[in-house]
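Dumped data-v1.tsv below, it's TSV, C-alpha atoms:
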```tsv
chain	number	residue	atom	x	y	z
A	1	MET	CA	38.56	-8.72	18.36
A	2	PHE	CA	40.95	-10.45	16.02
A	3	LEU	CA	42.43	-7.77	13.79
A	4	SER	CA	45.35	-7.47	11.38
A	5	THR	CA	47.54	-10.06	9.70
A	6	HIS	CA	50.55	-11.55	11.45
A	7	GLU	CA	53.30	-13.65	9.91
A	8	LYS	CA	54.51	-16.29	12.37
A	9	GLN	CA	56.79	-19.32	12.35
A	10	LEU	CA	55.84	-22.87	13.23
A	11	ASP	CA	58.58	-24.61	15.16
A	12	ALA	CA	59.62	-28.25	14.66
A	13	LYS	CA	56.86	-29.36	17.09
A	14	ARG	CA	54.17	-27.43	15.14
A	15	ARG	CA	53.91	-24.82	17.91
A	16	LEU	CA	52.75	-21.36	16.94
A	17	LEU	CA	53.14	-18.23	19.04
A	18	VAL	CA	49.71	-16.58	19.03
A	19	PRO	CA	49.84	-12.75	19.22
A	20	GLN	CA	48.92	-11.37	22.65
A	21	ASP	CA	45.86	-9.49	21.35
A	22	PHE	CA	44.57	-12.70	19.69
A	23	ARG	CA	45.07	-14.63	22.95
A	24	ALA	CA	43.20	-11.93	24.88
A	25	ALA	CA	40.31	-12.00	22.37
A	26	ALA	CA	40.06	-15.80	22.62
A	27	LEU	CA	39.62	-15.62	26.41
A	28	VAL	CA	36.62	-13.26	26.40
A	29	PRO	CA	33.38	-14.94	27.60
A	30	PHE	CA	30.42	-14.75	25.23
A	31	ASP	CA	26.72	-15.61	25.41
A	32	GLY	CA	27.04	-17.31	28.81
A	33	MET	CA	30.02	-19.35	27.70
A	34	GLY	CA	33.29	-18.81	29.48
A	35	GLY	CA	36.60	-18.76	27.70
A	36	PHE	CA	39.42	-21.21	28.40
A	37	ASP	CA	43.17	-20.78	28.08
A	38	GLY	CA	43.17	-21.59	24.39
A	39	LEU	CA	40.94	-21.51	21.36
A	40	TYR	CA	38.77	-23.61	19.10
A	41	ALA	CA	40.01	-24.56	15.65
A	42	PHE	CA	38.85	-26.57	12.67
A	43	ALA	CA	39.66	-27.13	9.02
A	44	LEU	CA	37.81	-24.72	6.76
A	45	LYS	CA	38.15	-26.96	3.73
A	46	SER	CA	36.15	-24.69	1.43
A	47	LEU	CA	38.86	-22.01	1.70
A	48	GLY	CA	41.93	-24.11	2.44
A	49	CYS	CA	42.83	-22.79	5.88
A	50	VAL	CA	42.36	-23.36	9.60
A	51	GLU	CA	39.70	-21.20	11.27
A	52	CYS	CA	40.07	-20.36	14.97
A	53	GLY	CA	38.41	-18.34	17.69
A	54	GLY	CA	37.18	-18.15	21.25
A	55	ALA	CA	33.75	-18.41	22.87
A	56	GLN	CA	32.07	-16.07	20.36
A	57	PHE	CA	33.38	-18.16	17.45
A	58	PHE	CA	32.17	-21.39	19.09
A	59	SER	CA	28.79	-19.82	19.93
A	60	HIS	CA	28.27	-18.74	16.32
A	61	TYR	CA	28.65	-22.31	15.05
A	62	LYS	CA	26.60	-23.71	17.93
A	63	LYS	CA	23.68	-21.45	16.94
A	64	ILE	CA	23.87	-22.70	13.34
A	65	VAL	CA	23.65	-26.30	14.56
A	66	ASP	CA	20.96	-25.56	17.15
A	67	ALA	CA	18.73	-23.99	14.47
A	68	GLN	CA	18.29	-27.45	12.95
A	69	PRO	CA	15.81	-29.94	14.44
A	70	PHE	CA	17.44	-32.45	16.78
A	71	GLY	CA	18.21	-35.70	14.95
A	72	SER	CA	17.59	-34.24	11.47
A	73	ALA	CA	19.95	-35.06	8.62
A	74	PRO	CA	21.14	-31.44	8.23
A	75	ARG	CA	21.90	-31.23	11.96
A	76	ARG	CA	23.79	-34.54	11.97
A	77	ILE	CA	25.88	-33.37	9.02
A	78	LEU	CA	26.64	-30.01	10.67
A	79	GLU	CA	27.41	-31.57	14.05
A	80	ALA	CA	29.88	-34.01	12.51
A	81	ARG	CA	31.49	-31.43	10.27
A	82	ILE	CA	31.72	-28.62	12.81
A	83	PHE	CA	32.02	-30.21	16.25
A	84	GLY	CA	33.47	-33.53	15.11
A	85	ASP	CA	36.31	-31.77	13.31
A	86	MET	CA	36.82	-29.01	15.89
A	87	ALA	CA	39.78	-29.10	18.27
A	88	ARG	CA	40.41	-27.24	21.52
A	89	LEU	CA	43.96	-25.96	21.37
A	90	ASN	CA	45.39	-24.80	24.70
A	91	PHE	CA	48.00	-22.09	25.08
A	92	ASP	CA	51.21	-23.08	26.82
A	93	THR	CA	52.95	-20.79	29.31
A	94	ALA	CA	54.72	-18.99	26.43
A	95	GLY	CA	51.43	-18.24	24.59
A	96	ARG	CA	51.93	-20.92	21.95
A	97	MET	CA	49.44	-23.48	20.67
A	98	THR	CA	50.31	-26.72	18.94
A	99	LEU	CA	48.59	-27.34	15.62
A	100	PRO	CA	47.51	-30.94	14.95
A	101	ASP	CA	49.58	-32.86	12.37
A	102	ALA	CA	46.52	-33.45	10.21
A	103	LEU	CA	45.76	-29.73	9.83
A	104	CYS	CA	49.39	-28.90	9.01
A	105	GLU	CA	49.55	-31.61	6.37
A	106	GLN	CA	46.14	-30.81	4.88
A	107	PHE	CA	46.93	-27.14	4.31
A	108	GLY	CA	50.70	-27.22	3.82
A	109	LEU	CA	51.41	-25.36	7.05
A	110	LYS	CA	55.11	-25.45	7.80
A	111	ASP	CA	57.66	-22.82	8.61
A	112	ALA	CA	55.97	-19.44	7.91
A	113	VAL	CA	52.21	-19.10	8.34
A	114	LEU	CA	49.83	-16.14	8.27
A	115	LEU	CA	47.27	-15.41	10.97
A	116	VAL	CA	44.52	-13.29	9.42
A	117	GLY	CA	42.17	-11.52	11.85
A	118	LEU	CA	38.47	-11.48	10.89
A	119	TYR	CA	36.92	-9.65	13.87
A	120	ASP	CA	35.29	-12.58	15.74
A	121	ARG	CA	37.71	-15.23	14.49
A	122	PHE	CA	40.98	-15.64	12.63
A	123	GLN	CA	42.37	-17.94	9.99
A	124	ILE	CA	45.74	-19.64	9.68
A	125	TRP	CA	47.02	-19.81	6.11
A	126	ASN	CA	49.94	-21.07	4.11
A	127	PRO	CA	51.32	-17.76	2.72
A	128	ASP	CA	51.18	-18.94	-0.92
A	129	ALA	CA	47.61	-20.18	-0.56
A	130	TYR	CA	46.61	-16.88	1.05
A	131	ALA	CA	48.15	-14.88	-1.82
A	132	ALA	CA	46.06	-16.91	-4.28
A	133	HIS	CA	42.96	-16.41	-2.11
A	134	LEU	CA	43.55	-12.64	-2.03
A	135	ALA	CA	43.87	-12.55	-5.82
A	136	THR	CA	40.48	-14.25	-6.12
A	137	GLN	CA	38.93	-11.88	-3.60
A	138	GLU	CA	40.36	-8.84	-5.35
A	139	ALA	CA	38.66	-9.92	-8.57
A	140	GLU	CA	35.31	-10.15	-6.71
A	141	LEU	CA	35.70	-7.01	-4.56
A	142	SER	CA	34.57	-4.56	-7.23
A	143	GLY	CA	31.28	-6.37	-7.73
A	144	VAL	CA	30.64	-6.63	-3.99
A	145	LEU	CA	31.30	-2.92	-3.46
A	146	THR	CA	28.98	-2.04	-6.35
A	147	GLU	CA	26.19	-4.21	-4.88
A	148	LEU	CA	26.61	-2.44	-1.55
A	149	GLY	CA	26.50	0.98	-3.21
A	150	LEU	CA	30.05	1.85	-2.17
```

Rewrite the structure of this file - the entire thing - as structure tokens.
Amino acid sequence: MFLSTHEKQLDAKRRLLVPQDFRAAALVPFDGMGGFDGLYAFALKSLGCVECGGAQFFSHYKKIVDAQPFGSAPRRILEARIFGDMARLNFDTAGRMTLPDALCEQFGLKDAVLLVGLYDRFQIWNPDAYAAHLATQEAELSGVLTELGL
């Protein structure tokens, strides 16, 4: 599981030390798919962050794509957006991964970043963008809790 929020530093080569528990979660096999010494990542443009995870994360998106008929327009769009934009980021011997230039530029990731655990995946945020995102979520939380009867 990917839990908690970690503040980390990107070095000059865009390397990011991934917390040990996040690395361990990324390596867990899921649904017949083995893990590798790294994780999958892609730009979650709708939120303004990078979303990452292991085999379970990949499997979730694969099932969404597989639910569409082969060759259909929705499937082609999803394949290009999900798999075409996804990167496999390997861990080095120190437990770091290197973020692609394009993702760093797109989301303003430099120096400090936040890794936010979301159970089966995690997100990498610019701290200022995440603060704005949390403010928006806080405004919506009351309504969500009311709908759920909590």

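Across the structure, CA of Tyr119 in chain A and CA of Leu145 in chain A are spaced 19.4 Å apart.
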
> Between A:Ala80, A:Ile64, A:Ala94, A:Leu99, which is the closest to Tyr40 in chain A once you count only C-alpha atoms?
Replying inline: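 Closest to Tyr40 in chain A, using only C-alpha atoms: A:Leu99.
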
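Using all atoms listed in the file for every distance, the candidate list A:Leu103, A:Ala43, A:Leu114, A:Lys13 yields A:Ala43 as the residue closest to Gly84 in chain A.
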
> Smallest atom-to-atom distance to Gln9 in chain A: which of A:Ser46, A:Asn90, A:Thr136, A:Asn126, using all atoms listed in the file?
Replying inline: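 That would be A:Asn126, the residue with the smallest distance to Gln9 in chain A.
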
> Expressed in Å to a single decimal, how great is the separation between CA of Ala67 in chain A and CA of Met1 in chain A?
Replying inline: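 The value is 25.3 Å.
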
> So how far away is CA of Glu79 in chain A from CA of Gly32 in chain A, in Å?
Replying inline: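 Taking CA of Gly32 in chain A as the start and CA of Glu79 in chain A as the end point, the length is 20.5 Å.
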
>> Quick one: residues within 12 Å of Glu105 in chain A, all atoms listed in the file, excluding same-chain residues fewer than 3 positions away - as JSON, numbers by chain?
In response: {"A": [14, 43, 48, 49, 50, 99, 100, 101, 102, 108, 109, 110, 126]}

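Minimum atom-to-atom distance to Ile82 in chain A, evaluated using only C-alpha atoms, belongs to A:Ser59 out of A:Gln123, A:Thr5, A:Ser59, A:Ser142.
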
>> With all atoms listed in the file as the counted atoms, please give the residues lying no more than 12 Å from Lys62 in chain A, apart from itself and same-chain residues fewer than 2 positions off, as a VMD selection string.
In response: chain A and resid 31 33 55 to 60 64 to 68 75 78 to 79 81 to 83 86

>> Counting only C-alpha atoms, which residue out of A:Ala87, A:Leu115, A:Leu47, A:Ala139 sits closest to Leu17 in chain A?
In response: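 For Leu17 in chain A, the nearest of the candidates is A:Leu115.
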
How big is the axis-aligned box around the listed atoms of range 51-68 of chain A once 5 Å is added on each side, and where is its centre? Give both in Å to one decimal, as AutoDock Vina command-line options.
```
--center_x 29.2 --center_y -21.8 --center_z 17.1 --size_x 31.8 --size_y 21.4 --size_z 21.6
```

> Smallest atom-to-atom distance to Arg15 in chain A: which of A:Thr98, A:Lys45, A:Gly71, A:Leu89, using all atoms listed in the file?
Replying inline: A:Thr98

Would you mind listing what lies within 12 Å of Thr93 in chain A as an mmCIF file with C-alpha atoms, keeping the file's coordinate frame, with only C-alpha atoms counted and same-chain residues fewer than 6 positions away left out?
```
data_model
loop_
_atom_site.group_PDB
_atom_site.id
_atom_site.type_symbol
_atom_site.label_atom_id
_atom_site.label_comp_id
_atom_site.auth_asym_id
_atom_site.auth_seq_id
_atom_site.Cartn_x
_atom_site.Cartn_y
_atom_site.Cartn_z
ATOM 1 C CA LEU A 17 53.140 -18.230 19.040
ATOM 2 C CA VAL A 18 49.710 -16.580 19.030
ATOM 3 C CA ARG A 23 45.070 -14.630 22.950
ATOM 4 C CA ASP A 37 43.170 -20.780 28.080
ATOM 5 C CA GLY A 38 43.170 -21.590 24.390
#
```

Leaving out Asp120 in chain A and any residue of its chain fewer than 3 positions from it, which residues lie within 9 Å of it when counting only C-alpha atoms, given as an mmCIF file with C-alpha atoms, in the frame of the given file?
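Writing the result to selection.cif gives the following:
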```cif
data_model
loop_
_atom_site.group_PDB
_atom_site.id
_atom_site.type_symbol
_atom_site.label_atom_id
_atom_site.label_comp_id
_atom_site.auth_asym_id
_atom_site.auth_seq_id
_atom_site.Cartn_x
_atom_site.Cartn_y
_atom_site.Cartn_z
ATOM 1 C CA MET A 1 38.560 -8.720 18.360
ATOM 2 C CA PHE A 2 40.950 -10.450 16.020
ATOM 3 C CA LEU A 3 42.430 -7.770 13.790
ATOM 4 C CA ALA A 25 40.310 -12.000 22.370
ATOM 5 C CA ALA A 26 40.060 -15.800 22.620
ATOM 6 C CA GLY A 53 38.410 -18.340 17.690
ATOM 7 C CA GLY A 54 37.180 -18.150 21.250
ATOM 8 C CA GLN A 56 32.070 -16.070 20.360
ATOM 9 C CA PHE A 57 33.380 -18.160 17.450
ATOM 10 C CA GLY A 117 42.170 -11.520 11.850
#
```
